[in-house]
>>> print(open('data_32.pdb').read())   # PDB, C-alpha atoms
ATOM      1  CA  MET P 227      -4.440   1.750 -21.013  1.00  0.00           C
ATOM      2  CA  ASN P 228      -4.663  -1.589 -22.793  1.00  0.00           C
ATOM      3  CA  ILE P 229      -7.058  -4.406 -21.875  1.00  0.00           C
ATOM      4  CA  ARG P 230      -4.340  -6.539 -20.233  1.00  0.00           C
ATOM      5  CA  THR P 231      -3.244  -3.696 -17.944  1.00  0.00           C
ATOM      6  CA  LEU P 232      -6.849  -2.928 -17.063  1.00  0.00           C
ATOM      7  CA  ALA P 233      -7.678  -6.576 -16.331  1.00  0.00           C
ATOM      8  CA  ILE P 234      -4.604  -7.211 -14.191  1.00  0.00           C
ATOM      9  CA  ASN P 235      -5.151  -4.011 -12.230  1.00  0.00           C
ATOM     10  CA  GLY P 236      -8.786  -5.002 -11.735  1.00  0.00           C
ATOM     11  CA  LEU P 237      -7.618  -8.331 -10.319  1.00  0.00           C
ATOM     12  CA  LEU P 238      -5.066  -6.551  -8.123  1.00  0.00           C
ATOM     13  CA  ALA P 239      -7.754  -4.220  -6.756  1.00  0.00           C
ATOM     14  CA  ALA P 240     -10.025  -7.225  -6.125  1.00  0.00           C
ATOM     15  CA  ILE P 241      -7.245  -9.029  -4.241  1.00  0.00           C
ATOM     16  CA  TYR P 242      -6.596  -5.923  -2.139  1.00  0.00           C
ATOM     17  CA  ILE P 243     -10.308  -5.650  -1.326  1.00  0.00           C
ATOM     18  CA  ALA P 244     -10.686  -9.375  -0.564  1.00  0.00           C
ATOM     19  CA  VAL P 245      -7.706  -9.385   1.796  1.00  0.00           C
ATOM     20  CA  SER P 246      -9.068  -6.230   3.452  1.00  0.00           C
ATOM     21  CA  PHE P 247     -12.405  -7.975   3.944  1.00  0.00           C
ATOM     22  CA  VAL P 248     -10.800 -11.048   5.506  1.00  0.00           C
ATOM     23  CA  PHE P 249      -8.710  -8.945   7.900  1.00  0.00           C
ATOM     24  CA  GLN P 250     -11.396  -6.299   8.414  1.00  0.00           C
ATOM     25  CA  PRO P 251     -11.170  -6.085  12.219  1.00  0.00           C
ATOM     26  CA  ILE P 252      -7.483  -5.096  12.184  1.00  0.00           C
ATOM     27  CA  ILE P 253      -7.166  -2.868   9.093  1.00  0.00           C
ATOM     28  CA  SER P 254      -8.216   0.483  10.550  1.00  0.00           C
ATOM     29  CA  GLY P 255      -7.856   2.534  13.692  1.00  0.00           C
ATOM     30  CA  VAL P 256      -4.823   3.676  15.673  1.00  0.00           C
ATOM     31  CA  PHE P 257      -3.474   0.124  15.968  1.00  0.00           C
ATOM     32  CA  GLN P 258      -3.941  -1.260  12.476  1.00  0.00           C
ATOM     33  CA  PHE P 259      -2.278  -4.046  10.586  1.00  0.00           C
ATOM     34  CA  ARG P 260      -3.362  -3.480   7.024  1.00  0.00           C
ATOM     35  CA  ILE P 261      -2.229  -6.811   5.574  1.00  0.00           C
ATOM     36  CA  PRO P 262      -3.052  -5.957   1.912  1.00  0.00           C
ATOM     37  CA  GLU P 263      -0.462  -3.168   2.102  1.00  0.00           C
ATOM     38  CA  MET P 264       2.179  -5.774   1.292  1.00  0.00           C
ATOM     39  CA  LEU P 265       0.871  -5.495  -2.285  1.00  0.00           C
ATOM     40  CA  ASN P 266       2.488  -2.039  -2.408  1.00  0.00           C
ATOM     41  CA  HIS P 267       5.740  -3.828  -3.212  1.00  0.00           C
ATOM     42  CA  LEU P 268       4.373  -4.616  -6.677  1.00  0.00           C
ATOM     43  CA  ILE P 269       5.053  -1.013  -7.685  1.00  0.00           C
ATOM     44  CA  VAL P 270       8.806  -1.747  -7.801  1.00  0.00           C
ATOM     45  CA  PHE P 271       8.228  -4.243 -10.612  1.00  0.00           C
ATOM     46  CA  ASN P 272       6.029  -2.025 -12.783  1.00  0.00           C
ATOM     47  CA  LYS P 273       4.665   1.461 -12.156  1.00  0.00           C
ATOM     48  CA  LYS P 274       1.385   0.506 -13.857  1.00  0.00           C
ATOM     49  CA  TYR P 275       0.362  -1.396 -10.700  1.00  0.00           C
ATOM     50  CA  ILE P 276      -0.444   1.984  -9.165  1.00  0.00           C
ATOM     51  CA  TYR P 277      -3.965   1.837 -10.625  1.00  0.00           C
ATOM     52  CA  GLY P 278      -4.927  -1.473  -9.024  1.00  0.00           C
ATOM     53  CA  ILE P 279      -3.429  -0.572  -5.662  1.00  0.00           C
ATOM     54  CA  VAL P 280      -5.099   2.852  -5.479  1.00  0.00           C
ATOM     55  CA  VAL P 281      -8.496   1.495  -6.589  1.00  0.00           C
ATOM     56  CA  GLY P 282      -8.155  -1.332  -4.052  1.00  0.00           C
ATOM     57  CA  VAL P 283      -7.376   1.132  -1.255  1.00  0.00           C
ATOM     58  CA  PHE P 284     -10.257   3.399  -2.293  1.00  0.00           C
ATOM     59  CA  ILE P 285     -12.878   0.635  -2.389  1.00  0.00           C
ATOM     60  CA  SER P 286     -11.574  -0.976   0.806  1.00  0.00           C
ATOM     61  CA  ASN P 287     -11.751   2.361   2.618  1.00  0.00           C
ATOM     62  CA  LEU P 288     -15.182   3.045   1.182  1.00  0.00           C
ATOM     63  CA  PHE P 289     -16.672  -0.197   2.475  1.00  0.00           C
ATOM     64  CA  PHE P 290     -14.571  -1.258   5.452  1.00  0.00           C
ATOM     65  CA  SER P 291     -13.223   1.878   7.101  1.00  0.00           C
ATOM     66  CA  GLN P 292     -14.735   3.162  10.295  1.00  0.00           C
ATOM     67  CA  LEU P 293     -13.437   6.648   9.542  1.00  0.00           C
ATOM     68  CA  GLY P 294     -15.723   7.447   6.619  1.00  0.00           C
ATOM     69  CA  ALA P 295     -14.883  10.102   4.060  1.00  0.00           C
ATOM     70  CA  TYR P 296     -11.701  11.065   5.890  1.00  0.00           C
ATOM     71  CA  ASP P 297     -10.207   7.686   4.994  1.00  0.00           C
ATOM     72  CA  LEU P 298     -11.061   8.237   1.343  1.00  0.00           C
ATOM     73  CA  ILE P 299      -9.026  11.434   1.407  1.00  0.00           C
ATOM     74  CA  PHE P 300      -6.188  10.645   3.804  1.00  0.00           C
ATOM     75  CA  GLY P 301      -5.884   6.880   3.248  1.00  0.00           C
ATOM     76  CA  VAL P 302      -6.046   7.015  -0.524  1.00  0.00           C
ATOM     77  CA  GLY P 303      -3.949  10.189  -0.554  1.00  0.00           C
ATOM     78  CA  GLN P 304      -1.225   8.592   1.576  1.00  0.00           C
ATOM     79  CA  SER P 305      -1.106   5.555  -0.696  1.00  0.00           C
ATOM     80  CA  LEU P 306      -1.004   7.642  -3.858  1.00  0.00           C
ATOM     81  CA  ILE P 307       1.709   9.971  -2.553  1.00  0.00           C
ATOM     82  CA  ALA P 308       3.846   7.073  -1.288  1.00  0.00           C
ATOM     83  CA  LEU P 309       3.435   5.104  -4.524  1.00  0.00           C
ATOM     84  CA  LEU P 310       4.435   8.136  -6.595  1.00  0.00           C
ATOM     85  CA  LEU P 311       7.476   8.691  -4.378  1.00  0.00           C
ATOM     86  CA  VAL P 312       8.476   5.041  -4.843  1.00  0.00           C
ATOM     87  CA  ILE P 313       8.074   5.336  -8.619  1.00  0.00           C
ATOM     88  CA  PHE P 314      10.205   8.482  -8.620  1.00  0.00           C
ATOM     89  CA  SER P 315      12.909   7.039  -6.359  1.00  0.00           C
ATOM     90  CA  SER P 316      13.052   3.811  -8.394  1.00  0.00           C
ATOM     91  CA  ARG P 317      14.701   5.786 -11.181  1.00  0.00           C
ATOM     92  CA  PHE P 318      17.775   6.112  -8.983  1.00  0.00           C
ATOM     93  CA  ILE P 319      17.852   2.667  -7.375  1.00  0.00           C
ATOM     94  CA  THR P 320      18.864  -0.447  -9.204  1.00  0.00           C
ATOM     95  CA  GLY P 321      17.825  -3.828  -7.928  1.00  0.00           C
ATOM     96  CA  ILE P 322      14.513  -5.086  -6.664  1.00  0.00           C
ATOM     97  CA  LYS P 323      15.667  -5.572  -3.050  1.00  0.00           C
ATOM     98  CA  GLY P 324      16.854  -1.977  -2.836  1.00  0.00           C
ATOM     99  CA  ARG P 325      13.595  -0.700  -4.275  1.00  0.00           C
ATOM    100  CA  MET P 326      11.617  -2.830  -1.834  1.00  0.00           C
ATOM    101  CA  ALA P 327      13.651  -1.407   1.062  1.00  0.00           C
ATOM    102  CA  VAL P 328      12.900   2.121  -0.143  1.00  0.00           C
ATOM    103  CA  THR P 329       9.210   1.201  -0.449  1.00  0.00           C
ATOM    104  CA  ILE P 330       9.205   0.148   3.203  1.00  0.00           C
ATOM    105  CA  ILE P 331      10.856   3.404   4.264  1.00  0.00           C
ATOM    106  CA  ILE P 332       8.618   5.667   2.184  1.00  0.00           C
ATOM    107  CA  PHE P 333       5.367   4.021   3.260  1.00  0.00           C
ATOM    108  CA  THR P 334       6.467   3.976   6.899  1.00  0.00           C
ATOM    109  CA  MET P 335       7.380   7.664   6.893  1.00  0.00           C
ATOM    110  CA  THR P 336       4.244   8.836   5.075  1.00  0.00           C
ATOM    111  CA  MET P 337       2.036   7.297   7.741  1.00  0.00           C
ATOM    112  CA  PHE P 338       2.102  10.731   9.359  1.00  0.00           C
ATOM    113  CA  LEU P 339      -0.837  11.497   7.032  1.00  0.00           C
ATOM    114  CA  ILE P 340      -2.843   8.709   8.656  1.00  0.00           C
ATOM    115  CA  ALA P 341      -1.804  10.047  12.072  1.00  0.00           C
ATOM    116  CA  ILE P 342      -3.193  13.463  11.103  1.00  0.00           C
ATOM    117  CA  GLN P 343      -6.436  11.788  10.055  1.00  0.00           C
ATOM    118  CA  LEU P 344      -6.712   9.864  13.328  1.00  0.00           C
ATOM    119  CA  ASN P 345      -6.022  13.053  15.257  1.00  0.00           C
ATOM    120  CA  LEU P 346      -8.757  14.922  13.374  1.00  0.00           C
ATOM    121  CA  VAL P 347     -11.388  12.175  13.459  1.00  0.00           C
ATOM    122  CA  VAL P 348     -10.976  10.431  16.805  1.00  0.00           C
ATOM    123  CA  GLY P 349      -8.691  12.831  18.672  1.00  0.00           C
ATOM    124  CA  ALA P 350      -5.842  10.320  18.876  1.00  0.00           C
ATOM    125  CA  PRO P 351      -2.524  11.895  19.852  1.00  0.00           C
ATOM    126  CA  PHE P 352      -0.542  12.615  16.692  1.00  0.00           C
ATOM    127  CA  LEU P 353       2.847  11.212  17.734  1.00  0.00           C
ATOM    128  CA  LEU P 354       1.369   8.058  19.256  1.00  0.00           C
ATOM    129  CA  SER P 355      -0.768   7.518  16.154  1.00  0.00           C
ATOM    130  CA  TRP P 356       2.190   8.062  13.852  1.00  0.00           C
ATOM    131  CA  ALA P 357       4.364   5.683  15.870  1.00  0.00           C
ATOM    132  CA  ALA P 358       1.649   3.016  15.954  1.00  0.00           C
ATOM    133  CA  THR P 359       0.613   3.191  12.298  1.00  0.00           C
ATOM    134  CA  ALA P 360       4.200   3.546  11.072  1.00  0.00           C
ATOM    135  CA  THR P 361       5.301   0.534  13.116  1.00  0.00           C
ATOM    136  CA  ALA P 362       2.428  -1.572  11.799  1.00  0.00           C
ATOM    137  CA  GLU P 363       3.073  -0.462   8.211  1.00  0.00           C
ATOM    138  CA  PHE P 364       6.778  -1.199   8.605  1.00  0.00           C
ATOM    139  CA  LEU P 365       6.073  -4.702   9.911  1.00  0.00           C
ATOM    140  CA  VAL P 366       3.501  -5.543   7.229  1.00  0.00           C
ATOM    141  CA  LEU P 367       5.809  -4.368   4.433  1.00  0.00           C
ATOM    142  CA  LEU P 368       8.849  -6.015   6.000  1.00  0.00           C
ATOM    143  CA  ILE P 369       7.034  -9.347   6.211  1.00  0.00           C
ATOM    144  CA  GLY P 370       5.494  -8.827   2.769  1.00  0.00           C
ATOM    145  CA  ALA P 371       8.792  -8.062   0.999  1.00  0.00           C
ATOM    146  CA  PRO P 372      10.166 -11.627   0.953  1.00  0.00           C
ATOM    147  CA  ILE P 373       6.718 -13.023   0.139  1.00  0.00           C
ATOM    148  CA  ILE P 374       6.320 -10.757  -2.910  1.00  0.00           C
ATOM    149  CA  TYR P 375       9.985 -11.287  -3.850  1.00  0.00           C
ATOM    150  CA  ILE P 376       9.565 -15.077  -3.839  1.00  0.00           C
ATOM    151  CA  MET P 377       6.238 -14.853  -5.692  1.00  0.00           C
ATOM    152  CA  ASN P 378       7.975 -12.747  -8.333  1.00  0.00           C
ATOM    153  CA  LYS P 379      10.331 -15.608  -9.148  1.00  0.00           C
ATOM    154  CA  ARG P 380       7.306 -17.640 -10.272  1.00  0.00           C
ATOM    155  CA  ILE P 381       4.920 -14.949 -11.570  1.00  0.00           C
ATOM    156  CA  GLN P 382       7.420 -12.347 -12.852  1.00  0.00           C
ATOM    157  CA  PHE P 383       5.419  -9.251 -11.962  1.00  0.00           C
ATOM    158  CA  GLY P 384       7.570  -7.003 -14.152  1.00  0.00           C
ATOM    159  CA  LYS P 385       6.609  -8.884 -17.296  1.00  0.00           C
ATOM    160  CA  LEU P 386       2.962  -9.407 -16.361  1.00  0.00           C
ATOM    161  CA  LEU P 387       1.886  -5.958 -17.554  1.00  0.00           C
TER     162      LEU P 387
END
>>> encode(input="data_32.pdb", output="structure tokens")
Amino acid sequence: MNIRTLAINGLLAAIYIAVSFVFQPIISGVFQFRIPEMLNHLIVFNKKYIYGIVVGVFISNLFFSQLGAYDLIFGVGQSLIALLLVIFSSRFITGIKGRMAVTIIIFTMTMFLIAIQLNLVVGAPFLLSWAATATAEFLVLLIGAPIIYIMNKRIQFGKLL
């Protein structure tokens, strides 16, 4: 990994952590709106953003999660699995908007892993937890898609790394 990739991913992780800190009261639990998740859309521009996103999720969960070590396993695992699925599916989808739509679907569907975690840790009903976390993830990514898309016109995320 070159210095530029490392530095930009470090900044991405820091942004994820900072946004998590600001929205700390609403980023975990059964009803969570994890605002920094909108950064997941960056993966459609360059697969190298996976490092910054995963490190950001890990550190955010380490310091801000109420679920302890479980969130380091399930939360980071869900993000990593979903990001890898997006990278894989991007091979077959042309166009940024299409890839962003697939990102929304993949992240929404893989929230079942967070529902399993909530069931194990706090005894939350699985289906209710999945519905709640998937709905929140869907909304955050849906709102985040046009924001990241518009930012890309100025920043050009694909060429940044």
>>> closest_residue(input="data_32.pdb", among="P:Tyr275, P:Phe289, P:Phe257, P:Trp356", to="Leu238 (chain P)", atoms="all atoms listed in the file")
P:Tyr275
>>> resolve_selection(input="data_32.pdb", expression="the PyMOL selection byres ((chain P and resi 278) around 7)", output="PyMOL selection string")
chain P and resi 235-236+238-239+275-277+279-282
>>> residues_near_point(input="data_32.pdb", point="(1.1, -11.9, -10.4)", cutoff="10 Å", atoms="all atoms listed in the file", output="NGL selection string")
:P and (234 or 237-238 or 268 or 374 or 377-378 or 380-387)
>>> residues_around(input="data_32.pdb", residues="Arg260 (chain P)", least_positions_apart="6", cutoff="12 Å", atoms="all atoms listed in the file", output="NGL selection string")
:P and (242-243 or 245-254 or 266 or 283 or 286-287 or 290-291 or 301 or 359-367 or 369-370)
>>> closest_residue(input="data_32.pdb", among="P:Phe259, P:Phe284, P:Tyr375, P:Phe300", to="Leu346 (chain P)", atoms="all atoms listed in the file")
P:Phe300
>>> closest_residue(input="data_32.pdb", among="P:Met227, P:Leu354, P:Ile319, P:Ile373", to="Phe338 (chain P)", atoms="all atoms listed in the file")
P:Leu354
>>> atom_distance(input="data_32.pdb", atom1="CA of Ala357 (chain P)", atom2="CA of Ala308 (chain P)")
17.2 Å
>>> atom_distance(input="data_32.pdb", atom1="CA of Met326 (chain P)", atom2="CA of Thr231 (chain P)")
21.9 Å
>>> decode(input="data_32.pdb", residues="region 228-361 of chain P", atoms="C-alpha atoms", output="PDB file, in the first residue's frame")
ATOM      1  CA  ASN P 228       1.484   3.343  -0.997  1.00  0.00           C
ATOM      2  CA  ILE P 229       1.670   6.415   1.249  1.00  0.00           C
ATOM      3  CA  ARG P 230      -1.187   8.223  -0.541  1.00  0.00           C
ATOM      4  CA  THR P 231      -3.561   5.274  -0.108  1.00  0.00           C
ATOM      5  CA  LEU P 232      -2.567   4.923   3.531  1.00  0.00           C
ATOM      6  CA  ALA P 233      -3.012   8.641   4.241  1.00  0.00           C
ATOM      7  CA  ILE P 234      -6.393   8.922   2.530  1.00  0.00           C
ATOM      8  CA  ASN P 235      -7.674   5.805   4.271  1.00  0.00           C
ATOM      9  CA  GLY P 236      -6.425   7.205   7.575  1.00  0.00           C
ATOM     10  CA  LEU P 237      -8.407  10.378   6.907  1.00  0.00           C
ATOM     11  CA  LEU P 238     -11.454   8.319   5.919  1.00  0.00           C
ATOM     12  CA  ALA P 239     -11.239   6.310   9.151  1.00  0.00           C
ATOM     13  CA  ALA P 240     -10.872   9.554  11.132  1.00  0.00           C
ATOM     14  CA  ILE P 241     -13.952  11.029   9.438  1.00  0.00           C
ATOM     15  CA  TYR P 242     -15.933   7.870  10.196  1.00  0.00           C
ATOM     16  CA  ILE P 243     -14.855   8.022  13.847  1.00  0.00           C
ATOM     17  CA  ALA P 244     -15.547  11.766  14.170  1.00  0.00           C
ATOM     18  CA  VAL P 245     -19.042  11.435  12.711  1.00  0.00           C
ATOM     19  CA  SER P 246     -19.668   8.457  15.009  1.00  0.00           C
ATOM     20  CA  PHE P 247     -18.600  10.571  17.977  1.00  0.00           C
ATOM     21  CA  VAL P 248     -20.905  13.441  17.023  1.00  0.00           C
ATOM     22  CA  PHE P 249     -23.888  11.113  16.567  1.00  0.00           C
ATOM     23  CA  GLN P 250     -22.908   8.791  19.418  1.00  0.00           C
ATOM     24  CA  PRO P 251     -26.340   8.552  21.074  1.00  0.00           C
ATOM     25  CA  ILE P 252     -28.018   7.149  17.945  1.00  0.00           C
ATOM     26  CA  ILE P 253     -25.338   4.900  16.405  1.00  0.00           C
ATOM     27  CA  SER P 254     -25.928   1.690  18.355  1.00  0.00           C
ATOM     28  CA  GLY P 255     -28.742  -0.389  19.761  1.00  0.00           C
ATOM     29  CA  VAL P 256     -31.865  -1.869  18.187  1.00  0.00           C
ATOM     30  CA  PHE P 257     -32.965   1.506  16.798  1.00  0.00           C
ATOM     31  CA  GLN P 258     -29.757   2.933  15.386  1.00  0.00           C
ATOM     32  CA  PHE P 259     -29.049   5.512  12.749  1.00  0.00           C
ATOM     33  CA  ARG P 260     -25.377   5.073  12.035  1.00  0.00           C
ATOM     34  CA  ILE P 261     -24.831   8.253  10.017  1.00  0.00           C
ATOM     35  CA  PRO P 262     -21.180   7.498   9.057  1.00  0.00           C
ATOM     36  CA  GLU P 263     -22.433   4.432   7.172  1.00  0.00           C
ATOM     37  CA  MET P 264     -23.129   6.720   4.221  1.00  0.00           C
ATOM     38  CA  LEU P 265     -19.353   6.592   3.666  1.00  0.00           C
ATOM     39  CA  ASN P 266     -19.828   2.974   2.545  1.00  0.00           C
ATOM     40  CA  HIS P 267     -20.777   4.380  -0.853  1.00  0.00           C
ATOM     41  CA  LEU P 268     -17.129   5.318  -1.410  1.00  0.00           C
ATOM     42  CA  ILE P 269     -16.373   1.661  -2.127  1.00  0.00           C
ATOM     43  CA  VAL P 270     -18.107   1.962  -5.524  1.00  0.00           C
ATOM     44  CA  PHE P 271     -15.504   4.508  -6.624  1.00  0.00           C
ATOM     45  CA  ASN P 272     -12.427   2.556  -5.532  1.00  0.00           C
ATOM     46  CA  LYS P 273     -12.133  -0.752  -3.693  1.00  0.00           C
ATOM     47  CA  LYS P 274      -9.126   0.571  -1.752  1.00  0.00           C
ATOM     48  CA  TYR P 275     -11.508   2.577   0.468  1.00  0.00           C
ATOM     49  CA  ILE P 276     -12.283  -0.689   2.247  1.00  0.00           C
ATOM     50  CA  TYR P 277      -9.327  -0.141   4.596  1.00  0.00           C
ATOM     51  CA  GLY P 278     -10.453   3.257   5.873  1.00  0.00           C
ATOM     52  CA  ILE P 279     -14.066   2.192   6.277  1.00  0.00           C
ATOM     53  CA  VAL P 280     -13.240  -1.020   8.162  1.00  0.00           C
ATOM     54  CA  VAL P 281     -10.717   0.717  10.450  1.00  0.00           C
ATOM     55  CA  GLY P 282     -13.259   3.487  11.091  1.00  0.00           C
ATOM     56  CA  VAL P 283     -15.947   0.949  12.006  1.00  0.00           C
ATOM     57  CA  PHE P 284     -13.535  -0.973  14.242  1.00  0.00           C
ATOM     58  CA  ILE P 285     -12.349   2.071  16.202  1.00  0.00           C
ATOM     59  CA  SER P 286     -15.862   3.523  16.443  1.00  0.00           C
ATOM     60  CA  ASN P 287     -17.183   0.228  17.803  1.00  0.00           C
ATOM     61  CA  LEU P 288     -14.246  -0.060  20.168  1.00  0.00           C
ATOM     62  CA  PHE P 289     -14.844   3.331  21.764  1.00  0.00           C
ATOM     63  CA  PHE P 290     -18.517   4.146  21.261  1.00  0.00           C
ATOM     64  CA  SER P 291     -20.434   0.876  21.195  1.00  0.00           C
ATOM     65  CA  GLN P 292     -22.440  -0.227  24.177  1.00  0.00           C
ATOM     66  CA  LEU P 293     -22.210  -3.838  23.034  1.00  0.00           C
ATOM     67  CA  GLY P 294     -18.510  -4.371  23.697  1.00  0.00           C
ATOM     68  CA  ALA P 295     -16.523  -7.105  21.999  1.00  0.00           C
ATOM     69  CA  TYR P 296     -19.596  -8.425  20.206  1.00  0.00           C
ATOM     70  CA  ASP P 297     -19.711  -5.239  18.135  1.00  0.00           C
ATOM     71  CA  LEU P 298     -16.072  -5.688  17.177  1.00  0.00           C
ATOM     72  CA  ILE P 299     -16.925  -9.097  15.756  1.00  0.00           C
ATOM     73  CA  PHE P 300     -20.427  -8.637  14.359  1.00  0.00           C
ATOM     74  CA  GLY P 301     -20.291  -4.931  13.450  1.00  0.00           C
ATOM     75  CA  VAL P 302     -16.900  -5.046  11.789  1.00  0.00           C
ATOM     76  CA  GLY P 303     -17.703  -8.440  10.266  1.00  0.00           C
ATOM     77  CA  GLN P 304     -20.961  -7.164   8.759  1.00  0.00           C
ATOM     78  CA  SER P 305     -19.193  -4.160   7.258  1.00  0.00           C
ATOM     79  CA  LEU P 306     -16.356  -6.245   5.856  1.00  0.00           C
ATOM     80  CA  ILE P 307     -18.668  -8.869   4.355  1.00  0.00           C
ATOM     81  CA  ALA P 308     -20.958  -6.234   2.813  1.00  0.00           C
ATOM     82  CA  LEU P 309     -18.034  -4.231   1.416  1.00  0.00           C
ATOM     83  CA  LEU P 310     -16.530  -7.357  -0.148  1.00  0.00           C
ATOM     84  CA  LEU P 311     -19.898  -8.256  -1.674  1.00  0.00           C
ATOM     85  CA  VAL P 312     -20.168  -4.744  -3.133  1.00  0.00           C
ATOM     86  CA  ILE P 313     -16.650  -4.991  -4.571  1.00  0.00           C
ATOM     87  CA  PHE P 314     -17.496  -8.360  -6.113  1.00  0.00           C
ATOM     88  CA  SER P 315     -20.850  -7.235  -7.523  1.00  0.00           C
ATOM     89  CA  SER P 316     -19.312  -4.045  -8.951  1.00  0.00           C
ATOM     90  CA  ARG P 317     -17.550  -6.194 -11.531  1.00  0.00           C
ATOM     91  CA  PHE P 318     -20.929  -6.870 -13.117  1.00  0.00           C
ATOM     92  CA  ILE P 319     -22.564  -3.456 -12.754  1.00  0.00           C
ATOM     93  CA  THR P 320     -21.615  -0.477 -14.827  1.00  0.00           C
ATOM     94  CA  GLY P 321     -22.423   3.000 -13.647  1.00  0.00           C
ATOM     95  CA  ILE P 322     -22.016   4.628 -10.281  1.00  0.00           C
ATOM     96  CA  LYS P 323     -25.762   4.979  -9.594  1.00  0.00           C
ATOM     97  CA  GLY P 324     -26.320   1.271 -10.165  1.00  0.00           C
ATOM     98  CA  ARG P 325     -23.430   0.375  -7.891  1.00  0.00           C
ATOM     99  CA  MET P 326     -24.741   2.718  -5.207  1.00  0.00           C
ATOM    100  CA  ALA P 327     -28.174   1.071  -5.442  1.00  0.00           C
ATOM    101  CA  VAL P 328     -26.564  -2.348  -5.015  1.00  0.00           C
ATOM    102  CA  THR P 329     -24.582  -1.013  -2.041  1.00  0.00           C
ATOM    103  CA  ILE P 330     -27.839   0.034  -0.385  1.00  0.00           C
ATOM    104  CA  ILE P 331     -29.380  -3.389  -0.986  1.00  0.00           C
ATOM    105  CA  ILE P 332     -26.361  -5.382   0.189  1.00  0.00           C
ATOM    106  CA  PHE P 333     -25.841  -3.376   3.372  1.00  0.00           C
ATOM    107  CA  THR P 334     -29.559  -3.456   4.162  1.00  0.00           C
ATOM    108  CA  MET P 335     -29.787  -7.224   3.734  1.00  0.00           C
ATOM    109  CA  THR P 336     -26.629  -8.030   5.706  1.00  0.00           C
ATOM    110  CA  MET P 337     -27.995  -6.250   8.759  1.00  0.00           C
ATOM    111  CA  PHE P 338     -29.256  -9.669   9.823  1.00  0.00           C
ATOM    112  CA  LEU P 339     -25.769 -10.094  11.339  1.00  0.00           C
ATOM    113  CA  ILE P 340     -26.386  -7.095  13.588  1.00  0.00           C
ATOM    114  CA  ALA P 341     -29.803  -8.544  14.462  1.00  0.00           C
ATOM    115  CA  ILE P 342     -28.102 -11.779  15.547  1.00  0.00           C
ATOM    116  CA  GLN P 343     -25.724  -9.744  17.698  1.00  0.00           C
ATOM    117  CA  LEU P 344     -28.567  -7.801  19.322  1.00  0.00           C
ATOM    118  CA  ASN P 345     -30.412 -11.049  19.969  1.00  0.00           C
ATOM    119  CA  LEU P 346     -27.351 -12.593  21.631  1.00  0.00           C
ATOM    120  CA  VAL P 347     -26.318  -9.563  23.688  1.00  0.00           C
ATOM    121  CA  VAL P 348     -29.545  -7.878  24.766  1.00  0.00           C
ATOM    122  CA  GLY P 349     -32.141 -10.523  23.915  1.00  0.00           C
ATOM    123  CA  ALA P 350     -33.820  -8.354  21.281  1.00  0.00           C
ATOM    124  CA  PRO P 351     -36.177 -10.297  19.019  1.00  0.00           C
ATOM    125  CA  PHE P 352     -34.315 -11.239  15.844  1.00  0.00           C
ATOM    126  CA  LEU P 353     -36.926 -10.232  13.254  1.00  0.00           C
ATOM    127  CA  LEU P 354     -37.727  -6.930  14.958  1.00  0.00           C
ATOM    128  CA  SER P 355     -34.016  -6.149  15.272  1.00  0.00           C
ATOM    129  CA  TRP P 356     -33.383  -7.027  11.643  1.00  0.00           C
ATOM    130  CA  ALA P 357     -36.322  -4.912  10.483  1.00  0.00           C
ATOM    131  CA  ALA P 358     -35.244  -1.953  12.621  1.00  0.00           C
ATOM    132  CA  THR P 359     -31.534  -2.008  11.780  1.00  0.00           C
ATOM    133  CA  ALA P 360     -32.155  -2.771   8.102  1.00  0.00           C
ATOM    134  CA  THR P 361     -34.639   0.097   7.826  1.00  0.00           C
TER     135      THR P 361
END
